[in-house]
$ cat work_17.csv   # CSV, C-alpha atoms and all ligand atoms
chain,number,residue,atom,x,y,z
A,56,MET,CA,-129.9,-102.1,187.9
A,57,LEU,CA,-131.6,-104.3,185.4
A,58,ILE,CA,-135.1,-104.0,186.7
A,59,LYS,CA,-137.5,-102.8,184.0
A,60,SER,CA,-141.1,-102.0,184.4
A,61,LYS,CA,-143.4,-104.6,182.8
A,62,LYS,CA,-145.9,-103.4,180.2
A,63,SER,CA,-148.6,-106.0,180.4
A,64,SER,CA,-149.2,-106.0,176.7
A,65,GLU,CA,-145.6,-106.5,176.0
A,66,PHE,CA,-145.5,-110.2,176.7
A,67,LEU,CA,-149.1,-111.3,176.4
A,68,GLU,CA,-149.0,-110.7,172.7
A,69,SER,CA,-145.4,-111.5,172.5
A,70,GLN,CA,-143.9,-112.6,169.3
A,71,VAL,CA,-140.9,-113.8,171.4
A,72,THR,CA,-140.4,-117.5,171.1
A,73,ASP,CA,-137.6,-119.7,172.5
A,74,GLU,CA,-136.2,-119.7,169.0
A,75,THR,CA,-135.6,-116.0,169.0
A,76,ILE,CA,-134.2,-116.0,172.5
A,77,TYR,CA,-131.9,-118.9,171.6
A,78,GLN,CA,-130.7,-117.1,168.5
A,79,SER,CA,-130.2,-114.0,170.7
A,80,ARG,CA,-128.0,-116.0,173.1
A,81,ARG,CA,-126.0,-117.3,170.2
A,82,LYS,CA,-125.6,-113.8,168.9
A,83,VAL,CA,-123.5,-112.9,171.9
A,84,LEU,CA,-121.3,-115.9,171.2
A,85,LYS,CA,-121.2,-114.7,167.6
A,86,GLN,CA,-120.1,-111.2,168.6
A,87,LEU,CA,-117.4,-112.9,170.6
A,88,GLY,CA,-116.4,-114.6,167.4
A,89,PHE,CA,-117.3,-118.1,168.4
A,90,VAL,CA,-120.3,-118.9,166.2
A,91,GLY,CA,-119.9,-118.5,162.5
A,92,ALA,CA,-120.6,-120.3,159.2
A,93,SER,CA,-118.8,-123.4,160.4
A,94,ALA,CA,-121.1,-123.6,163.4
A,95,LEU,CA,-124.0,-123.7,161.1
A,96,LEU,CA,-122.2,-126.3,159.0
A,97,ALA,CA,-121.4,-128.4,162.0
A,98,GLY,CA,-125.0,-128.3,163.1
A,99,ASN,CA,-126.5,-129.0,159.7
A,100,SER,CA,-124.2,-131.9,158.8
A,101,LEU,CA,-125.5,-133.8,161.8
A,102,PRO,CA,-128.1,-136.5,161.1
A,103,GLY,CA,-131.2,-134.9,162.4
A,104,LYS,CA,-133.7,-135.9,165.1
A,105,ALA,CA,-134.3,-139.5,164.3
A,106,TRP,CA,-132.0,-140.6,167.1
A,107,ALA,CA,-134.9,-140.8,169.6
A,108,GLU,CA,-136.3,-143.8,167.9
A,109,SER,CA,-133.3,-145.3,166.2
A,110,ASN,CA,-130.1,-144.1,167.8
A,111,SER,CA,-130.6,-144.4,171.5
A,112,THR,CA,-127.8,-146.8,172.4
A,113,PHE,CA,-127.2,-145.6,175.9
A,114,LYS,CA,-128.7,-147.9,178.5
A,115,THR,CA,-130.4,-146.5,181.6
A,116,SER,CA,-131.4,-148.7,184.4
A,117,ALA,CA,-134.2,-148.7,187.0
A,118,LEU,CA,-133.4,-147.3,190.4
A,119,ASN,CA,-134.8,-148.0,193.8
A,120,PHE,CA,-136.1,-144.8,195.5
A,121,LYS,CA,-138.5,-143.5,198.1
A,122,LYS,CA,-141.1,-140.9,197.6
A,123,SER,CA,-140.4,-137.5,199.2
A,124,GLU,CA,-142.4,-134.5,200.4
A,125,TYR,CA,-141.5,-132.9,197.1
A,126,THR,CA,-143.7,-135.0,194.9
A,127,ASN,CA,-147.0,-133.4,195.5
A,128,VAL,CA,-147.0,-130.6,192.9
A,129,PRO,CA,-149.9,-129.0,191.0
A,130,ASP,CA,-147.9,-128.9,187.7
A,131,LYS,CA,-148.3,-131.4,185.0
A,132,LEU,CA,-145.1,-133.4,184.3
A,133,THR,CA,-143.2,-132.7,181.1
A,134,PRO,CA,-143.3,-135.9,179.1
A,135,GLU,CA,-140.1,-138.0,179.5
A,136,GLN,CA,-139.5,-138.0,175.7
A,137,LYS,CA,-139.2,-134.1,175.9
A,138,VAL,CA,-137.1,-134.1,179.0
A,139,ILE,CA,-134.5,-136.3,177.3
A,140,SER,CA,-134.6,-134.7,173.8
A,141,HIS,CA,-134.6,-131.0,174.4
A,142,ASN,CA,-131.4,-130.3,176.3
A,143,ASN,CA,-128.8,-127.7,177.0
A,144,PHE,CA,-125.4,-129.5,177.3
A,145,TYR,CA,-123.0,-127.6,175.3
A,146,GLU,CA,-120.2,-130.2,175.6
A,147,PHE,CA,-122.3,-132.2,173.2
A,148,GLY,CA,-123.4,-129.3,171.0
A,149,ALA,CA,-125.2,-126.0,171.5
A,150,LYS,CA,-128.4,-127.0,169.7
A,151,LYS,CA,-131.2,-128.4,171.7
A,152,ASP,CA,-131.3,-131.8,169.9
A,153,GLN,CA,-127.6,-132.3,169.7
A,154,PRO,CA,-126.8,-133.6,173.2
A,155,ALA,CA,-129.4,-136.5,172.9
A,156,GLU,CA,-127.7,-137.6,169.7
A,157,LEU,CA,-124.0,-136.9,170.4
A,158,ALA,CA,-123.9,-138.2,174.0
A,159,GLN,CA,-125.2,-141.7,173.3
A,160,HIS,CA,-121.7,-143.2,173.6
A,161,PHE,CA,-120.7,-141.3,176.7
A,162,LYS,CA,-119.0,-143.6,179.2
A,163,VAL,CA,-120.2,-143.0,182.8
A,164,ASP,CA,-118.8,-146.1,184.4
A,165,PRO,CA,-116.1,-146.0,185.7
A,166,TRP,CA,-116.7,-142.5,187.3
A,167,GLN,CA,-115.1,-140.7,190.2
A,168,LEU,CA,-116.7,-137.8,192.0
A,169,LYS,CA,-114.3,-136.1,194.5
A,170,ILE,CA,-115.5,-134.1,197.5
A,171,THR,CA,-112.6,-132.0,198.5
A,172,GLY,CA,-111.2,-128.6,199.5
A,173,GLU,CA,-111.9,-127.0,203.0
A,174,VAL,CA,-113.1,-130.3,204.6
A,175,ASP,CA,-111.7,-132.5,207.3
A,176,LYS,CA,-112.7,-135.7,205.6
A,177,PRO,CA,-112.4,-135.5,201.8
A,178,PHE,CA,-113.7,-138.6,200.0
A,179,THR,CA,-114.4,-140.0,196.5
A,180,LEU,CA,-117.5,-141.8,195.2
A,181,ASP,CA,-117.0,-144.3,192.4
A,182,TYR,CA,-119.8,-145.1,190.0
A,183,ASP,CA,-121.5,-147.7,192.2
A,184,GLU,CA,-121.2,-145.6,195.3
A,185,LEU,CA,-123.1,-142.8,193.6
A,186,PHE,CA,-126.2,-145.0,193.9
A,187,SER,CA,-125.5,-146.8,197.2
A,188,SER,CA,-124.1,-144.2,199.6
A,189,PHE,CA,-127.2,-142.0,200.2
A,190,THR,CA,-130.9,-142.7,200.2
A,191,ILE,CA,-132.3,-141.9,196.8
A,192,GLU,CA,-135.6,-140.1,196.7
A,193,GLU,CA,-137.9,-138.8,194.1
A,194,ARG,CA,-138.5,-135.0,193.8
A,195,ILE,CA,-140.7,-133.3,191.3
A,196,TYR,CA,-139.2,-129.9,190.5
A,197,ARG,CA,-139.8,-127.2,188.0
A,198,LEU,CA,-136.7,-126.4,185.9
A,199,ARG,CA,-136.7,-122.8,184.5
A,200,CYS,CA,-134.1,-122.1,181.8
A,201,VAL,CA,-132.7,-118.5,181.5
A,202,GLU,CA,-134.0,-118.8,177.9
A,203,ALA,CA,-137.6,-118.6,179.2
A,204,TRP,CA,-138.7,-122.2,178.7
A,205,SER,CA,-139.5,-124.5,181.6
A,206,MET,CA,-140.1,-128.2,182.4
A,207,VAL,CA,-141.5,-130.2,185.3
A,208,ILE,CA,-139.2,-133.2,186.0
A,209,PRO,CA,-139.4,-136.1,188.4
A,210,TRP,CA,-135.8,-136.3,189.5
A,211,LEU,CA,-134.1,-139.0,191.6
A,212,GLY,CA,-131.3,-138.0,193.9
A,213,PHE,CA,-130.2,-137.0,197.4
A,214,ARG,CA,-129.4,-133.8,199.3
A,215,LEU,CA,-126.2,-132.1,198.5
A,216,ALA,CA,-126.2,-131.2,202.2
A,217,ASP,CA,-125.8,-134.8,203.2
A,218,VAL,CA,-122.8,-135.2,200.9
A,219,ILE,CA,-121.2,-132.1,202.3
A,220,LYS,CA,-121.8,-133.0,205.9
A,221,LYS,CA,-120.1,-136.3,205.4
A,222,ALA,CA,-117.0,-134.5,204.3
A,223,GLN,CA,-117.0,-132.3,207.5
A,224,PRO,CA,-116.4,-128.8,206.1
A,225,ASN,CA,-114.1,-126.5,208.2
A,226,SER,CA,-114.7,-122.9,209.0
A,227,LYS,CA,-113.2,-121.6,205.8
A,228,ALA,CA,-115.8,-123.4,203.7
A,229,LYS,CA,-117.9,-120.4,202.5
A,230,TYR,CA,-118.7,-121.5,198.9
A,231,VAL,CA,-119.0,-124.7,196.9
A,232,ALA,CA,-117.4,-125.0,193.5
A,233,PHE,CA,-118.5,-127.7,191.0
A,234,LYS,CA,-116.7,-129.0,187.9
A,235,THR,CA,-117.9,-131.0,184.9
A,236,LEU,CA,-115.8,-133.8,183.4
A,237,HIS,CA,-113.2,-132.5,180.9
A,238,ASP,CA,-112.8,-135.1,178.2
A,239,PRO,CA,-112.7,-133.6,174.7
A,240,LYS,CA,-112.4,-137.1,173.1
A,241,GLN,CA,-115.8,-138.0,174.4
A,242,MET,CA,-117.3,-134.5,174.5
A,243,PRO,CA,-117.1,-133.1,171.0
A,244,GLY,CA,-118.1,-129.6,172.1
A,245,GLN,CA,-114.9,-129.4,174.2
A,246,SER,CA,-112.6,-129.8,171.2
A,247,ASN,CA,-114.7,-128.1,168.6
A,248,ARG,CA,-115.4,-124.5,169.6
A,249,TYR,CA,-118.1,-124.1,167.1
A,250,LEU,CA,-120.0,-127.1,168.4
A,251,GLY,CA,-119.3,-126.1,172.0
A,252,GLY,CA,-120.6,-122.6,171.6
A,253,GLY,CA,-117.3,-120.9,172.6
A,254,ILE,CA,-117.5,-121.9,176.3
A,255,GLN,CA,-114.2,-122.4,178.1
A,256,TYR,CA,-114.2,-125.9,179.4
A,257,PRO,CA,-114.5,-127.6,181.8
A,258,TYR,CA,-118.0,-126.1,182.7
A,259,ILE,CA,-117.9,-124.8,186.2
A,260,GLU,CA,-120.5,-123.6,188.7
A,261,GLY,CA,-120.8,-122.5,192.3
A,262,LEU,CA,-123.1,-121.9,195.2
A,263,ARG,CA,-122.8,-120.1,198.5
A,264,ILE,CA,-122.5,-122.7,201.3
A,265,ASP,CA,-126.0,-121.9,202.7
A,266,GLU,CA,-127.5,-122.3,199.3
A,267,ALA,CA,-125.7,-125.6,198.9
A,268,MET,CA,-127.0,-126.8,202.4
A,269,ASN,CA,-130.6,-125.8,201.6
A,270,ASP,CA,-133.0,-128.7,201.7
A,271,LEU,CA,-134.0,-128.2,198.1
A,272,THR,CA,-130.5,-128.5,196.6
A,273,LEU,CA,-130.3,-131.9,195.0
A,274,LEU,CA,-127.6,-134.1,193.5
A,275,SER,CA,-129.6,-136.0,190.9
A,276,VAL,CA,-128.6,-139.5,189.7
A,277,GLY,CA,-131.8,-140.2,187.8
A,278,LEU,CA,-135.2,-139.1,186.3
A,279,TYR,CA,-138.4,-140.8,185.5
A,280,GLY,CA,-137.5,-143.8,187.7
A,281,LYS,CA,-134.2,-144.6,186.0
A,282,THR,CA,-130.6,-143.5,185.9
A,283,LEU,CA,-129.9,-140.3,184.0
A,284,PRO,CA,-129.4,-140.4,180.3
A,285,PRO,CA,-126.1,-138.8,179.3
A,286,GLN,CA,-127.8,-135.7,177.7
A,287,ASN,CA,-129.3,-134.9,181.1
A,288,GLY,CA,-126.0,-135.1,182.9
A,289,ALA,CA,-125.2,-138.7,183.7
A,290,PRO,CA,-124.1,-140.1,186.1
A,291,ILE,CA,-124.6,-137.2,188.5
A,292,ARG,CA,-125.7,-133.6,188.2
A,293,LEU,CA,-126.8,-130.7,190.4
A,294,VAL,CA,-130.5,-129.5,190.6
A,295,THR,CA,-131.2,-126.1,192.1
A,296,PRO,CA,-134.9,-125.5,191.2
A,297,TRP,CA,-135.1,-121.9,192.3
A,298,LYS,CA,-132.3,-120.8,190.0
A,299,TYR,CA,-132.0,-120.6,186.3
A,300,GLY,CA,-131.1,-123.9,184.7
A,301,PHE,CA,-127.5,-123.1,183.9
A,302,LYS,CA,-126.6,-123.4,187.6
A,303,SER,CA,-127.6,-127.1,187.5
A,304,ILE,CA,-124.3,-128.3,186.3
A,305,LYS,CA,-124.1,-131.8,184.7
A,306,SER,CA,-121.8,-134.8,184.8
A,307,ILE,CA,-119.9,-133.6,187.9
A,308,ILE,CA,-116.4,-134.9,188.8
A,309,GLU,CA,-115.6,-132.5,191.6
A,310,ILE,CA,-117.3,-130.7,194.5
A,311,LYS,CA,-114.9,-128.4,196.2
A,312,LEU,CA,-115.5,-126.4,199.4
A,313,VAL,CA,-113.8,-123.1,199.0
A,314,GLU,CA,-113.3,-119.8,200.8
A,315,LYS,CA,-113.9,-117.4,198.0
A,316,MET,CA,-116.8,-117.0,195.5
A,317,PRO,CA,-115.9,-119.4,192.7
A,318,LYS,CA,-115.9,-118.4,189.0
A,319,THR,CA,-118.9,-119.8,187.0
A,320,THR,CA,-119.1,-120.6,183.3
A,321,TRP,CA,-121.8,-118.3,182.0
A,322,ASN,CA,-120.8,-115.4,184.3
A,323,LYS,CA,-117.3,-115.5,182.8
A,324,LEU,CA,-118.7,-115.4,179.3
A,325,ALA,CA,-121.2,-112.6,179.7
A,326,PRO,CA,-121.2,-111.1,183.3
A,327,ASN,CA,-123.8,-108.5,182.5
A,328,GLU,CA,-126.2,-111.2,181.4
A,329,TYR,CA,-125.6,-114.1,183.8
A,330,GLY,CA,-124.9,-113.5,187.5
A,331,PHE,CA,-123.5,-115.8,190.1
A,332,TYR,CA,-126.8,-116.0,191.9
A,333,ALA,CA,-129.1,-116.5,188.9
A,334,ASN,CA,-132.2,-116.8,191.0
A,335,VAL,CA,-135.4,-117.0,188.9
A,336,ASN,CA,-136.9,-113.5,189.1
A,337,PRO,CA,-139.7,-112.2,186.9
A,338,ASP,CA,-138.8,-108.6,187.9
A,339,VAL,CA,-135.2,-108.7,186.7
A,340,ASP,CA,-135.1,-109.0,183.0
A,341,HIS,CA,-132.3,-110.4,181.0
A,342,PRO,CA,-130.8,-107.4,179.2
A,343,ARG,CA,-132.1,-108.8,175.9
A,344,TRP,CA,-135.4,-110.3,176.9
A,345,SER,CA,-138.1,-110.3,179.5
A,346,GLN,CA,-138.1,-112.9,182.3
A,347,ALA,CA,-141.7,-112.1,183.3
A,348,SER,CA,-143.1,-115.2,181.6
A,349,GLU,CA,-142.0,-118.6,180.3
A,350,ARG,CA,-143.1,-121.3,177.9
A,351,ARG,CA,-143.9,-124.5,179.8
A,352,ILE,CA,-142.9,-127.5,177.8
A,353,THR,CA,-145.7,-130.1,178.2
A,354,SER,CA,-147.1,-132.1,175.3
A,355,GLY,CA,-147.6,-130.3,172.0
A,356,GLY,CA,-145.0,-129.0,169.5
A,357,LEU,CA,-141.5,-127.9,170.5
A,358,PHE,CA,-142.3,-124.3,170.0
A,359,ALA,CA,-146.0,-124.5,170.8
A,360,ARG,CA,-147.4,-121.6,172.8
A,361,ASN,CA,-148.0,-122.5,176.4
A,362,ARG,CA,-147.0,-119.3,178.2
A,363,ILE,CA,-147.3,-118.9,181.9
A,364,GLU,CA,-146.1,-116.2,184.4
A,365,THR,CA,-142.8,-116.8,185.9
A,366,GLN,CA,-142.8,-117.0,189.7
A,367,MET,CA,-140.3,-115.4,192.1
A,368,PHE,CA,-137.7,-118.0,192.9
A,369,ASN,CA,-139.5,-120.3,190.5
A,370,GLY,CA,-142.2,-120.7,193.2
A,371,TYR,CA,-139.8,-121.9,195.9
A,372,GLY,CA,-139.8,-118.7,197.9
A,373,GLU,CA,-141.0,-120.4,201.1
A,374,GLU,CA,-137.9,-122.6,201.1
A,375,VAL,CA,-135.2,-120.1,199.9
A,376,ALA,CA,-136.3,-116.4,200.3
A,377,ASP,CA,-134.6,-116.2,203.6
A,378,LEU,CA,-131.2,-116.9,202.0
A,379,TYR,CA,-131.4,-113.5,200.3
A,380,LYS,CA,-132.9,-111.3,203.0
A,381,GLY,CA,-131.7,-107.7,202.7
A,382,MET,CA,-130.0,-108.4,199.4
A,383,ASN,CA,-130.6,-106.2,196.3
A,384,LEU,CA,-131.6,-108.9,193.9
A,385,GLY,CA,-131.4,-106.5,191.0
A,386,LYS,CA,-127.8,-106.0,191.7
A,387,TYR,CA,-127.0,-109.6,192.7
A,388,TYR,CA,-128.8,-111.2,189.8
A,401,LIG,N1,-121.9,-129.2,182.1
A,401,LIG,C1,-123.0,-128.5,181.7
A,401,LIG,N2,-124.0,-128.4,182.5
A,401,LIG,C2,-125.2,-127.8,182.1
A,401,LIG,C3,-125.2,-127.1,180.9
A,401,LIG,C4,-124.1,-127.3,180.0
A,401,LIG,O1,-124.1,-126.8,178.8
A,401,LIG,N3,-123.0,-128.0,180.4
A,401,LIG,N4,-126.4,-126.4,180.5
A,401,LIG,C5,-127.2,-125.9,181.6
A,401,LIG,C6,-128.5,-125.3,181.2
A,401,LIG,S1,-128.4,-123.8,180.4
A,401,LIG,C7,-129.7,-125.9,181.5
A,401,LIG,S2,-131.2,-125.1,181.2
A,401,LIG,C8,-129.7,-127.2,182.1
A,401,LIG,C9,-130.6,-128.1,181.3
A,401,LIG,O2,-130.8,-129.4,181.9
A,401,LIG,P1,-131.6,-130.5,181.1
A,401,LIG,O3,-131.0,-130.7,179.7
A,401,LIG,O4,-131.4,-131.8,181.9
A,401,LIG,O5,-133.0,-130.1,181.0
A,401,LIG,O6,-128.5,-127.8,182.3
A,401,LIG,C10,-127.4,-127.0,182.7
A,401,LIG,N5,-126.2,-127.7,183.0
A,402,MO,MO,-130.5,-122.9,180.6

$ encode --input "work_17.csv" --output "structure tokens" --more "lines below"
Ligand SMILES: Nc1nc2c(c(=O)[nH]1)N[C@H]1C(S)=C(S)[C@@H](COP(=O)(O)O)O[C@H]1N2
Ligand SMILES: [Mo]
Amino acid sequence: MLIKSKKSSEFLESQVTDETIYQSRRKVLKQLGFVGASALLAGNSLPGKAWAESNSTFKTSALNFKKSEYTNVPDKLTPEQKVISHNNFYEFGAKKDQPAELAQHFKVDPWQLKITGEVDKPFTLDYDELFSSFTIEERIYRLRCVEAWSMVIPWLGFRLADVIKKAQPNSKAKYVAFKTLHDPKQMPGQSNRYLGGGIQYPYIEGLRIDEAMNDLTLLSVGLYGKTLPPQNGAPIRLVTPWKYGFKSIKSIIEIKLVEKMPKTTWNKLAPNEYGFYANVNPDVDHPRWSQASERRITSGGLFARNRIETQMFNGYGEEVADLYKGMNLGKYY
């Protein structure tokens, strides 16, 4: 069991920053032999952070949407510029500022998203159909990364449940498996293992069917009123706000209903650190850092101190706690 008792002084005066946790996550990859001198070279030879002003060539477009019951939150929104410039998307580089830069030429149209597997009515959505088949609504959710930083993001999207229902799952459909596009020509991290952090691509994720059908579970096609920028997972990505961010898989091409628990990317890489469930839980620490608190990214510097307590299920217990009744969440982390 990974539950540790919290010493209150431990984190209040913490010297732990995202930077150290991030380095620590990379250390595992290093131990596995994936991050070395060439990774640093690959990172350092890139042209810096000026992209935001000068290099943003990808065009997003305004979307029509309706408000939802999930827009009334007490949290302050994370500024759009931070949402689209501080990203985890290892296909475009394992550093936070790399995806925004290296994904600018990513082609999202044409696109095909297949809904398949244990269903009676498999179907495919092309690029335009991603925006026209379901009613798009706005939902403001907290996003809590396993690295102990968080954001508050106004997503646009629709319920995964509606997509799954349309495909008519059969009785063998117990889990849902997701897959990101595999296209090393466009995604440099997929062909350069130093840039891509040693992950085996394509990136894959999974949910239990009842988690997938939960009202909170969103397929997002936009944020801040517009289509998604590539660094945030264009044209369509998952958002499961009560789970650590790595469950929210980006740039999805396949949603497959399956009978057995699917493999997932970070769990394959370090199973003792990243579980299948990955529910946000302040009482179950990561083996190498505490999950009791997090740094909320608002305005202010990238590594500015803005530490808040992490909430069980990221504050969405009312909606999701029932899914895990009777489960030992220290074991099923
Ligand atoms: N395909 C893919 N999906 C991914 C990732 C990734 O590297 N590849 N990173 C995950 C992680 S660790 C987080 S925290 C979120 C970050 O989403 P954001 O950049 O839109 O904030 O995306 C998740 N989805
Ligand atoms: Mo993350």

$ atom_distance --input "work_17.csv" --atom1 "atom CA of Thr126 of chain A" --atom2 "atom C5 of ligand LIG 401 (chain A)"
23.1 Å

$ residues_near_point --input "work_17.csv" --point "(-118.4, -143.3, 197.6)" --cutoff "12 Å" --atoms "all atoms listed in the file" --output "PyMOL selection string"
chain A and resi 166-170+177-189+218+221-222

$ closest_atom_pairs --input "work_17.csv" --of "chain A" --to "ligand LIG 401 (chain A)" --cutoff "9 Å" --atoms "all atoms listed in the file" --output "JSON lines"
{"residue": "A:Lys137", "atom": "CA", "partner": "A:LIG401", "partner_atom": "O5", "distance": 9.0}
{"residue": "A:Val138", "atom": "CA", "partner": "A:LIG401", "partner_atom": "O5", "distance": 6.1}
{"residue": "A:Ile139", "atom": "CA", "partner": "A:LIG401", "partner_atom": "O3", "distance": 7.0}
{"residue": "A:Ser140", "atom": "CA", "partner": "A:LIG401", "partner_atom": "O3", "distance": 8.0}
{"residue": "A:His141", "atom": "CA", "partner": "A:LIG401", "partner_atom": "O3", "distance": 6.4}
{"residue": "A:Asn142", "atom": "CA", "partner": "A:LIG401", "partner_atom": "O3", "distance": 3.4}
{"residue": "A:Asn143", "atom": "CA", "partner": "A:LIG401", "partner_atom": "N4", "distance": 4.4}
{"residue": "A:Phe144", "atom": "CA", "partner": "A:LIG401", "partner_atom": "O1", "distance": 3.4}
{"residue": "A:Tyr145", "atom": "CA", "partner": "A:LIG401", "partner_atom": "O1", "distance": 3.8}
{"residue": "A:Glu146", "atom": "CA", "partner": "A:LIG401", "partner_atom": "N3", "distance": 6.0}
{"residue": "A:Phe147", "atom": "CA", "partner": "A:LIG401", "partner_atom": "O1", "distance": 8.0}
{"residue": "A:Gly148", "atom": "CA", "partner": "A:LIG401", "partner_atom": "O1", "distance": 8.2}
{"residue": "A:Ala149", "atom": "CA", "partner": "A:LIG401", "partner_atom": "O1", "distance": 7.4}
{"residue": "A:Lys151", "atom": "CA", "partner": "A:LIG401", "partner_atom": "O3", "distance": 8.3}
{"residue": "A:Pro154", "atom": "CA", "partner": "A:LIG401", "partner_atom": "O3", "distance": 8.3}
{"residue": "A:Leu198", "atom": "CA", "partner": "A:LIG401", "partner_atom": "O5", "distance": 7.2}
{"residue": "A:Arg199", "atom": "CA", "partner": "A:LIG401", "partner_atom": "S2", "distance": 6.8}
{"residue": "A:Cys200", "atom": "CA", "partner": "A:LIG401", "partner_atom": "S2", "distance": 4.2}
{"residue": "A:Val201", "atom": "CA", "partner": "A:LIG401", "partner_atom": "S2", "distance": 6.8}
{"residue": "A:Glu202", "atom": "CA", "partner": "A:LIG401", "partner_atom": "S2", "distance": 7.6}
{"residue": "A:Trp204", "atom": "CA", "partner": "A:LIG401", "partner_atom": "S2", "distance": 8.4}
{"residue": "A:Ser205", "atom": "CA", "partner": "A:LIG401", "partner_atom": "S2", "distance": 8.3}
{"residue": "A:Met206", "atom": "CA", "partner": "A:LIG401", "partner_atom": "O5", "distance": 7.5}
{"residue": "A:Ile208", "atom": "CA", "partner": "A:LIG401", "partner_atom": "O5", "distance": 8.5}
{"residue": "A:Lys234", "atom": "CA", "partner": "A:LIG401", "partner_atom": "N1", "distance": 7.8}
{"residue": "A:Thr235", "atom": "CA", "partner": "A:LIG401", "partner_atom": "N1", "distance": 5.2}
{"residue": "A:Leu236", "atom": "CA", "partner": "A:LIG401", "partner_atom": "N1", "distance": 7.7}
{"residue": "A:Gly251", "atom": "CA", "partner": "A:LIG401", "partner_atom": "O1", "distance": 8.4}
{"residue": "A:Ile254", "atom": "CA", "partner": "A:LIG401", "partner_atom": "O1", "distance": 8.6}
{"residue": "A:Tyr256", "atom": "CA", "partner": "A:LIG401", "partner_atom": "N1", "distance": 8.8}
{"residue": "A:Pro257", "atom": "CA", "partner": "A:LIG401", "partner_atom": "N1", "distance": 7.6}
{"residue": "A:Tyr258", "atom": "CA", "partner": "A:LIG401", "partner_atom": "N1", "distance": 5.0}
{"residue": "A:Ile259", "atom": "CA", "partner": "A:LIG401", "partner_atom": "N1", "distance": 7.2}
{"residue": "A:Glu260", "atom": "CA", "partner": "A:LIG401", "partner_atom": "N2", "distance": 8.6}
{"residue": "A:Leu283", "atom": "CA", "partner": "A:LIG401", "partner_atom": "O4", "distance": 8.9}
{"residue": "A:Pro284", "atom": "CA", "partner": "A:LIG401", "partner_atom": "O4", "distance": 9.0}
{"residue": "A:Gln286", "atom": "CA", "partner": "A:LIG401", "partner_atom": "O3", "distance": 6.3}
{"residue": "A:Asn287", "atom": "CA", "partner": "A:LIG401", "partner_atom": "O4", "distance": 3.8}
{"residue": "A:Gly288", "atom": "CA", "partner": "A:LIG401", "partner_atom": "O4", "distance": 6.4}
{"residue": "A:Arg292", "atom": "CA", "partner": "A:LIG401", "partner_atom": "N5", "distance": 7.9}
{"residue": "A:Leu293", "atom": "CA", "partner": "A:LIG401", "partner_atom": "N5", "distance": 8.0}
{"residue": "A:Val294", "atom": "CA", "partner": "A:LIG401", "partner_atom": "O6", "distance": 8.7}
{"residue": "A:Tyr299", "atom": "CA", "partner": "A:LIG401", "partner_atom": "S2", "distance": 6.8}
{"residue": "A:Gly300", "atom": "CA", "partner": "A:LIG401", "partner_atom": "S2", "distance": 3.7}
{"residue": "A:Phe301", "atom": "CA", "partner": "A:LIG401", "partner_atom": "C6", "distance": 3.6}
{"residue": "A:Lys302", "atom": "CA", "partner": "A:LIG401", "partner_atom": "C10", "distance": 6.1}
{"residue": "A:Ser303", "atom": "CA", "partner": "A:LIG401", "partner_atom": "N5", "distance": 4.8}
{"residue": "A:Ile304", "atom": "CA", "partner": "A:LIG401", "partner_atom": "N2", "distance": 3.8}
{"residue": "A:Lys305", "atom": "CA", "partner": "A:LIG401", "partner_atom": "N2", "distance": 4.1}
{"residue": "A:Ser306", "atom": "CA", "partner": "A:LIG401", "partner_atom": "N1", "distance": 6.2}
{"residue": "A:Ile307", "atom": "CA", "partner": "A:LIG401", "partner_atom": "N1", "distance": 7.5}
{"residue": "A:Thr320", "atom": "CA", "partner": "A:LIG401", "partner_atom": "N3", "distance": 8.9}
{"residue": "A:Trp321", "atom": "CA", "partner": "A:LIG401", "partner_atom": "S1", "distance": 8.7}

$ closest_residue --input "work_17.csv" --among "A:Ser111, A:Ser123, A:Gln159, A:Ser116" --to "Gly280 of chain A" --atoms "all atoms listed in the file"
A:Ser116

$ closest_residue --input "work_17.csv" --among "A:Pro285, A:Gly355, A:Gly372, A:Pro326" --to "Met242 of chain A" --atoms "all atoms listed in the file"
A:Pro285

$ closest_residue --input "work_17.csv" --among "A:Ser345, A:Ile191, A:Ala203, A:Phe113" --to "ligand MO 402 (chain A)" --atoms "all atoms listed in the file"
A:Ala203

$ atom_distance --input "work_17.csv" --atom1 "atom CA of Leu384 of chain A" --atom2 "atom CA of Glu309 of chain A"
28.6 Å

$ closest_residue --input "work_17.csv" --among "A:Lys176, A:Arg362, A:Lys298, A:Lys162" --to "ligand MO 402 (chain A)" --atoms "only C-alpha atoms and all ligand atoms"
A:Lys298

$ closest_residue --input "work_17.csv" --among "A:Tyr279, A:Gly244, A:Thr272, A:Glu364" --to "Gln153 of chain A" --atoms "only C-alpha atoms"
A:Gly244

$ atom_distance --input "work_17.csv" --atom1 "atom CA of Pro296 of chain A" --atom2 "atom CA of Glu373 of chain A"
12.7 Å

$ closest_residue --input "work_17.csv" --among "A:Tyr329, A:Tyr387, A:Phe120, A:Trp210" --to "ligand MO 402 (chain A)" --atoms "all atoms listed in the file"
A:Tyr329

$ residues_around --input "work_17.csv" --residues "Leu312 of chain A" --least-positions-apart "3" --cutoff "7 Å" --atoms "all atoms listed in the file" --output "ChimeraX atom specification"
/A:171-174,228,230-232

$ residues_around --input "work_17.csv" --residues "Trp297 of chain A" --least-positions-apart "5" --cutoff "10 Å" --atoms "only C-alpha atoms" --output "list of chain:residue names"
A:Tyr196, A:Arg197, A:Leu198, A:Arg199, A:Leu271, A:Thr272, A:Lys302, A:Ala333, A:Asn334, A:Val335, A:Asn336, A:Gln366, A:Met367, A:Phe368, A:Asn369, A:Gly370, A:Tyr371, A:Gly372, A:Glu374, A:Val375, A:Ala376
